[in-house]
file work_27.cif (mmCIF, C-alpha atoms)
data_final
loop_
_atom_site.label_atom_id
_atom_site.label_comp_id
_atom_site.auth_asym_id
_atom_site.auth_seq_id
_atom_site.Cartn_x
_atom_site.Cartn_y
_atom_site.Cartn_z
CA MET A 1 196.27 81.20 215.16
CA ARG A 2 196.51 84.35 213.05
CA ASP A 3 195.11 86.49 215.86
CA ARG A 4 197.54 84.95 218.29
CA ILE A 5 200.47 85.77 215.99
CA HIS A 6 199.34 89.36 215.54
CA GLU A 7 198.95 89.69 219.29
CA LEU A 8 202.47 88.37 219.73
CA GLU A 9 203.71 90.94 217.20
CA SER A 10 202.36 93.70 219.37
CA LYS A 11 204.32 92.56 222.41
CA GLU A 12 207.71 93.80 223.50
CA LEU A 13 209.89 90.70 223.48
CA GLY A 14 213.17 92.32 224.43
CA SER A 15 216.04 93.26 222.19
CA GLY A 16 217.41 90.52 220.05
CA ALA A 17 214.50 88.11 220.39
CA LEU A 18 213.65 86.41 217.12
CA VAL A 19 210.31 84.91 216.24
CA ALA A 20 210.21 82.20 213.59
CA LEU A 21 206.90 80.96 212.22
CA ILE A 22 207.41 77.49 210.82
CA THR A 23 205.15 75.68 208.44
CA PHE A 24 205.36 72.65 206.19
CA THR A 25 203.30 74.16 203.44
CA ASP A 26 204.47 74.43 199.83
CA GLU A 27 206.27 77.51 198.52
CA GLY A 28 203.28 78.95 196.66
CA SER A 29 200.96 78.64 199.62
CA LEU A 30 203.53 80.27 201.87
CA GLU A 31 203.79 83.29 199.58
CA ALA A 32 200.03 83.66 199.52
CA TYR A 33 199.84 83.28 203.27
CA GLU A 34 202.56 85.87 203.79
CA ALA A 35 200.95 88.34 201.40
CA HIS A 36 197.57 87.91 203.03
CA HIS A 37 198.66 88.22 206.64
CA ASP A 38 201.47 90.78 206.38
CA LEU A 39 203.44 89.29 209.25
CA GLY A 40 206.53 90.90 210.67
CA PHE A 41 208.19 87.64 211.69
CA ALA A 42 210.43 85.28 209.79
CA LEU A 43 208.24 82.81 207.92
CA LEU A 44 210.06 79.56 207.35
CA ARG A 45 209.31 76.27 205.66
CA ASP A 46 210.05 72.76 206.80
CA PRO A 47 208.70 70.83 203.82
CA ASP A 48 209.72 67.36 204.97
CA ARG A 49 208.79 68.14 208.57
CA ALA A 50 212.23 67.13 209.85
CA ALA A 51 212.16 70.02 212.33
CA TYR A 52 208.69 69.03 213.52
CA ARG A 53 209.98 65.56 214.25
CA ALA A 54 213.19 66.87 215.85
CA PHE A 55 211.11 68.92 218.29
CA GLY A 56 208.86 65.98 219.04
CA LEU A 57 205.78 67.18 217.22
CA GLY A 58 203.76 64.25 216.00
CA ARG A 59 200.38 63.71 214.42
CA GLY A 60 197.17 63.79 216.36
CA SER A 61 194.70 60.92 216.40
CA LEU A 62 191.79 61.05 213.98
CA ALA A 63 189.38 61.25 216.89
CA ARG A 64 191.22 64.18 218.42
CA VAL A 65 191.71 66.17 215.21
CA TRP A 66 188.40 65.35 213.55
CA GLY A 67 186.30 64.99 216.66
CA LEU A 68 182.98 66.42 217.74
CA ARG A 69 184.36 69.94 217.98
CA ALA A 70 185.49 69.91 214.36
CA ALA A 71 182.11 68.48 213.28
CA ARG A 72 180.35 71.33 215.06
CA ARG A 73 182.61 73.85 213.42
CA TYR A 74 181.93 72.44 209.98
CA ALA A 75 178.20 72.38 210.66
CA GLN A 76 178.37 76.04 211.61
CA LEU A 77 180.34 76.88 208.48
CA ILE A 78 177.80 75.08 206.34
CA ARG A 79 174.96 76.98 207.97
CA VAL A 80 176.68 80.31 207.35
CA GLY A 81 178.07 79.90 203.90
CA GLY A 82 177.03 76.57 202.48
CA TRP A 83 179.17 73.78 201.03
CA ARG A 84 180.88 76.16 198.62
CA ARG A 85 182.99 77.52 201.45
CA LEU A 86 184.44 74.11 202.18
CA HIS A 87 187.39 72.78 200.30
CA ARG A 88 189.46 69.68 200.62
CA PRO A 89 192.62 70.28 202.69
CA THR A 90 195.83 69.86 200.76
CA GLU A 91 198.05 69.39 203.77
CA ASP A 92 198.26 66.89 206.60
CA THR A 93 195.54 68.09 208.94
CA ARG A 94 196.68 65.70 211.65
CA GLN A 95 200.07 67.34 212.09
CA LEU A 96 200.21 68.94 215.51
CA GLY A 97 201.83 72.28 216.26
CA GLY A 98 203.93 73.53 219.09
CA ASP A 99 205.73 76.52 220.50
CA PHE A 100 209.28 76.61 221.81
CA VAL A 101 211.61 79.18 223.29
CA ILE A 102 215.34 78.69 222.83
CA ASP A 103 217.64 80.77 225.00
CA PRO A 104 220.68 82.66 223.66
CA ALA A 105 222.93 79.69 224.52
CA GLY A 106 220.89 77.46 222.24
CA ARG A 107 219.12 75.53 224.97
CA LEU A 108 215.45 74.77 224.99
CA SER A 109 214.12 76.92 227.80
CA TRP A 110 210.38 76.40 227.35
CA SER A 111 208.19 74.12 225.30
CA TYR A 112 204.53 73.57 224.58
CA ARG A 113 203.47 70.70 222.37
CA GLY A 114 199.88 70.92 221.27
CA ALA A 115 197.80 67.87 222.15
CA GLY A 116 195.10 68.80 219.67
CA PRO A 117 194.17 71.28 216.95
CA ASP A 118 193.34 74.15 219.25
CA ASP A 119 195.71 73.38 222.05
CA ARG A 120 198.17 76.26 222.00
CA PRO A 121 199.65 78.41 224.76
CA THR A 122 198.51 81.95 225.30
CA VAL A 123 200.59 84.86 224.06
CA ASP A 124 201.19 85.88 227.68
CA GLU A 125 202.68 82.45 228.39
CA ILE A 126 205.05 82.85 225.44
CA VAL A 127 206.04 86.37 226.45
CA ALA A 128 206.76 85.19 230.01
CA ALA A 129 208.91 82.36 228.62
CA VAL A 130 210.85 84.80 226.45
CA GLU A 131 211.45 87.11 229.41
CA GLN A 132 212.80 84.18 231.38
CA ALA A 133 215.08 83.11 228.53
CA ASN A 134 216.35 86.68 228.10
CA ARG A 135 217.51 86.67 231.71
CA HIS A 136 219.87 83.75 231.11
CA MET B 1 205.16 61.48 219.30
CA SER B 2 208.89 60.88 219.14
CA THR B 3 210.49 59.28 222.16
CA SER B 4 213.56 61.49 221.68
CA SER B 5 211.72 64.74 222.10
CA PRO B 6 214.01 67.39 223.54
CA THR B 7 213.14 68.59 227.01
CA VAL B 8 213.72 71.90 228.71
CA GLY B 9 217.42 72.34 229.40
CA ASP B 10 218.53 70.27 226.41
CA LEU B 11 220.37 71.84 223.52
CA ALA B 12 217.78 72.62 220.87
CA PRO B 13 217.87 70.32 217.84
CA GLU B 14 220.05 71.50 214.99
CA VAL B 15 217.43 72.04 212.38
CA THR B 16 217.63 73.81 209.04
CA LEU B 17 214.61 75.52 207.56
CA VAL B 18 214.24 77.61 204.43
CA ASP B 19 212.89 81.10 204.04
CA ARG B 20 210.65 82.22 201.20
CA ASP B 21 213.65 82.78 198.94
CA GLY B 22 214.88 79.26 199.55
CA THR B 23 217.76 80.47 201.71
CA PRO B 24 218.64 78.06 204.51
CA TRP B 25 217.90 79.28 208.03
CA ARG B 26 219.81 77.33 210.66
CA LEU B 27 218.67 77.43 214.24
CA ALA B 28 222.22 76.86 215.46
CA GLU B 29 223.28 80.12 213.77
CA GLN B 30 220.86 82.12 215.89
CA ARG B 31 222.92 81.71 219.08
CA GLY B 32 223.09 84.94 221.02
CA HIS B 33 219.40 85.55 220.43
CA THR B 34 216.37 84.23 222.20
CA VAL B 35 214.35 82.41 219.55
CA VAL B 36 210.64 81.75 219.64
CA ALA B 37 209.86 78.88 217.27
CA ILE B 38 206.19 78.60 216.46
CA PHE B 39 205.30 75.47 214.55
CA HIS B 40 202.06 75.86 212.68
CA ARG B 41 199.66 73.09 211.98
CA HIS B 42 198.48 73.10 208.40
CA ILE B 43 197.69 76.49 206.86
CA HIS B 44 195.84 75.15 203.83
#

call {"tool": "encode", "arguments": {"input": "work_27.cif", "output": "C-alpha cells"}}
result
Amino acid sequence: MRDRIHELESKELGSGALVALITFTDEGSLEAYEAHHDLGFALLRDPDRAAYRAFGLGRGSLARVWGLRAARRYAQLIRVGGWRRLHRPTEDTRQLGGDFVIDPAGRLSWSYRGAGPDDRPTVDEIVAAVEQANRH
Amino acid sequence: MSTSSPTVGDLAPEVTLVDRDGTPWRLAEQRGHTVVAIFHRHIH
C-alpha cells in the first residue's frame, strides 16, 4: 500500500486534484504513520468508520482475509525474523479498503471496492480515473 | 457490504473526517476539485 501511495504521489494528477488518505486508526498511530511515511497527501481519520460504511466498504470474510495467502505470508515472516516480529493487530483486520474518485461537481465518477486484503487498483487506473473526472 | 453503496454517477456521500489536528474535513466542501479518496485497511 505504501509503495502504491508513493507512486501516486509521483504522478501528475492535474491542477486542483486532492488526494485524501483515509484510515480508521487512532490518533497516536496516525501521527506515527505520518511521521514514518512522510506523505504529501491529506491524512484523515474516520474513527467510527462512518465514511467506510457510506461508501459501501464492508468487512471481508475470515476465509478471505486470513486465508492461505496470509498463512504463507506469516510463515515467510517467521522464517525470516522469528515470532518476535509478529504482534497482535490492534485494529479490525477484516475491514476492506477502497478507492474512489469524486469529480468537481461532487459526483462519484469512479470506484473500486477491494474484495480482499490485496485487492486494490493500480496507480495507473487511479490516474486514468482522475483524468476522466478532470474533464467533466 | 451495504446495500446502499453509492454507484458511479451518484452524488458522493456527505462524510466528515478529521485531520491530525482534529479539524473536520468535509467532502462536500471540496466541490470544485477532483478528489481521490483512498480508504486504507488497517495500518496497525

call {"tool": "atom_distance", "arguments": {"input": "work_27.cif", "atom1": "atom CA of Arg72 of chain A", "atom2": "atom CA of Thr25 of chain A"}}
result
25.9 Å

call {"tool": "residues_near_point", "arguments": {"input": "work_27.cif", "point": "(212.5, 75.2, 203.1)", "cutoff": "10 Å", "atoms": "all atoms listed in the file", "output": "JSON, numbers by chain"}}
result
{"A": [22, 23, 24, 25, 26, 27, 43, 44, 45, 46, 47, 48, 49], "B": [16, 17, 18, 19, 20, 21, 22, 23, 24, 25]}

call {"tool": "interface_residues", "arguments": {"input": "work_27.cif", "of": "chain B", "to": "chain A", "cutoff": "6 Å", "atoms": "all atoms listed in the file", "output": "list of chain:residue names"}}
result
B:Met1, B:Ser2, B:Ser5, B:Val8, B:Gly9, B:Asp10, B:Leu11, B:Ala12, B:Val15, B:Leu17, B:Val18, B:Asp19, B:Arg31, B:Gly32, B:His33, B:Thr34, B:Val35, B:Val36, B:Ala37, B:Ile38, B:Phe39, B:His40, B:Arg41, B:His42, B:His44

call {"tool": "atom_distance", "arguments": {"input": "work_27.cif", "atom1": "atom CA of Ala63 of chain A", "atom2": "atom CA of Arg120 of chain A"}}
result
18.1 Å

call {"tool": "atom_distance", "arguments": {"input": "work_27.cif", "atom1": "atom CA of Tyr74 of chain A", "atom2": "atom CA of Arg4 of chain A"}}
result
21.7 Å

call {"tool": "decode", "arguments": {"input": "work_27.cif", "residues": "segment 24-61 of chain A", "atoms": "N, CA, C and O atoms", "output": "compact mmCIF listing (two decimals), in the first residue's frame"}}
result
# COMPACT_ATOMS: atom_id res chain seq x y z
N PHE A 24 -8.97 4.37 9.77
CA PHE A 24 -9.79 4.39 10.99
C PHE A 24 -8.93 4.19 12.22
O PHE A 24 -9.42 3.88 13.31
N THR A 25 -7.65 4.39 12.05
CA THR A 25 -6.74 4.17 13.17
C THR A 25 -6.91 5.25 14.25
O THR A 25 -7.57 6.26 14.05
N ASP A 26 -6.28 5.03 15.40
CA ASP A 26 -6.36 6.04 16.46
C ASP A 26 -5.37 7.17 16.18
O ASP A 26 -4.49 7.07 15.33
N GLU A 27 -5.53 8.26 16.92
CA GLU A 27 -4.77 9.48 16.67
C GLU A 27 -3.25 9.24 16.79
O GLU A 27 -2.46 9.69 15.96
N GLY A 28 -2.85 8.53 17.82
CA GLY A 28 -1.43 8.29 18.05
C GLY A 28 -0.80 7.48 16.93
O GLY A 28 0.30 7.78 16.46
N SER A 29 -1.52 6.46 16.49
CA SER A 29 -1.00 5.62 15.41
C SER A 29 -0.90 6.41 14.11
O SER A 29 0.02 6.22 13.32
N LEU A 30 -1.85 7.31 13.90
CA LEU A 30 -1.83 8.12 12.69
C LEU A 30 -0.60 9.02 12.67
O LEU A 30 0.06 9.17 11.65
N GLU A 31 -0.31 9.63 13.80
CA GLU A 31 0.87 10.50 13.87
C GLU A 31 2.13 9.72 13.58
O GLU A 31 3.02 10.18 12.85
N ALA A 32 2.23 8.54 14.15
CA ALA A 32 3.42 7.71 13.92
C ALA A 32 3.51 7.31 12.45
O ALA A 32 4.58 7.33 11.85
N TYR A 33 2.39 6.95 11.89
CA TYR A 33 2.34 6.55 10.49
C TYR A 33 2.78 7.70 9.59
O TYR A 33 3.58 7.55 8.68
N GLU A 34 2.25 8.88 9.90
CA GLU A 34 2.56 10.07 9.09
C GLU A 34 4.04 10.42 9.19
O GLU A 34 4.69 10.72 8.20
N ALA A 35 4.57 10.35 10.41
CA ALA A 35 5.99 10.68 10.61
C ALA A 35 6.87 9.67 9.89
O ALA A 35 7.90 10.03 9.31
N HIS A 36 6.46 8.43 9.89
CA HIS A 36 7.28 7.38 9.29
C HIS A 36 7.26 7.44 7.77
O HIS A 36 8.27 7.19 7.11
N HIS A 37 6.12 7.76 7.20
CA HIS A 37 5.99 7.66 5.75
C HIS A 37 6.15 8.97 5.01
O HIS A 37 6.30 8.98 3.79
N ASP A 38 6.10 10.09 5.71
CA ASP A 38 6.34 11.39 5.10
C ASP A 38 5.51 11.56 3.81
O ASP A 38 6.05 11.73 2.72
N LEU A 39 4.22 11.46 3.95
CA LEU A 39 3.32 11.53 2.81
C LEU A 39 2.92 12.96 2.51
O LEU A 39 2.77 13.78 3.42
N GLY A 40 2.73 13.25 1.25
CA GLY A 40 2.36 14.60 0.86
C GLY A 40 0.86 14.80 0.73
O GLY A 40 0.42 15.87 0.34
N PHE A 41 0.08 13.79 1.04
CA PHE A 41 -1.37 13.89 0.90
C PHE A 41 -2.04 14.14 2.25
O PHE A 41 -1.45 13.90 3.31
N ALA A 42 -3.27 14.58 2.17
CA ALA A 42 -4.06 14.76 3.40
C ALA A 42 -4.29 13.39 4.03
O ALA A 42 -4.74 12.45 3.36
N LEU A 43 -3.97 13.28 5.29
CA LEU A 43 -4.18 12.02 6.01
C LEU A 43 -5.32 12.26 6.99
O LEU A 43 -5.23 13.12 7.86
N LEU A 44 -6.38 11.52 6.81
CA LEU A 44 -7.62 11.78 7.55
C LEU A 44 -8.07 10.55 8.31
O LEU A 44 -7.82 9.42 7.88
N ARG A 45 -8.77 10.81 9.40
CA ARG A 45 -9.26 9.70 10.23
C ARG A 45 -10.77 9.60 10.16
O ARG A 45 -11.48 10.59 10.11
N ASP A 46 -11.23 8.37 10.22
CA ASP A 46 -12.66 8.08 10.26
C ASP A 46 -12.85 7.06 11.38
O ASP A 46 -13.06 5.86 11.12
N PRO A 47 -12.70 7.51 12.62
CA PRO A 47 -12.60 6.55 13.73
C PRO A 47 -13.79 5.62 13.90
O PRO A 47 -13.61 4.46 14.29
N ASP A 48 -14.98 6.07 13.59
CA ASP A 48 -16.15 5.18 13.73
C ASP A 48 -16.52 4.48 12.42
O ASP A 48 -17.53 3.79 12.34
N ARG A 49 -15.71 4.71 11.42
CA ARG A 49 -15.87 4.10 10.10
C ARG A 49 -17.20 4.45 9.42
O ARG A 49 -17.71 3.70 8.59
N ALA A 50 -17.74 5.60 9.76
CA ALA A 50 -19.00 6.02 9.12
C ALA A 50 -18.79 6.25 7.63
O ALA A 50 -19.66 5.92 6.80
N ALA A 51 -17.63 6.81 7.28
CA ALA A 51 -17.36 7.06 5.85
C ALA A 51 -17.15 5.74 5.11
O ALA A 51 -17.57 5.59 3.96
N TYR A 52 -16.50 4.79 5.75
CA TYR A 52 -16.33 3.47 5.13
C TYR A 52 -17.70 2.90 4.78
O TYR A 52 -17.93 2.41 3.69
N ARG A 53 -18.59 2.96 5.75
CA ARG A 53 -19.92 2.40 5.52
C ARG A 53 -20.66 3.18 4.43
O ARG A 53 -21.33 2.60 3.57
N ALA A 54 -20.52 4.52 4.47
CA ALA A 54 -21.23 5.36 3.50
C ALA A 54 -20.78 5.06 2.08
O ALA A 54 -21.55 5.18 1.13
N PHE A 55 -19.52 4.68 1.92
CA PHE A 55 -19.01 4.34 0.59
C PHE A 55 -19.16 2.85 0.28
O PHE A 55 -18.67 2.37 -0.74
N GLY A 56 -19.80 2.13 1.16
CA GLY A 56 -20.09 0.73 0.88
C GLY A 56 -18.94 -0.21 1.13
O GLY A 56 -18.87 -1.30 0.55
N LEU A 57 -18.03 0.19 2.00
CA LEU A 57 -16.89 -0.67 2.30
C LEU A 57 -17.18 -1.50 3.54
O LEU A 57 -17.31 -0.96 4.65
N GLY A 58 -17.29 -2.78 3.34
CA GLY A 58 -17.62 -3.68 4.45
C GLY A 58 -16.41 -4.42 4.98
O GLY A 58 -15.26 -4.01 4.77
N ARG A 59 -16.70 -5.51 5.66
CA ARG A 59 -15.63 -6.35 6.21
C ARG A 59 -15.54 -7.63 5.39
O ARG A 59 -16.55 -8.19 4.98
N GLY A 60 -14.32 -8.06 5.18
CA GLY A 60 -14.11 -9.29 4.43
C GLY A 60 -14.38 -10.51 5.29
O GLY A 60 -14.35 -10.44 6.53
N SER A 61 -14.63 -11.64 4.64
CA SER A 61 -14.84 -12.88 5.38
C SER A 61 -13.51 -13.33 6.00
O SER A 61 -12.44 -12.98 5.50
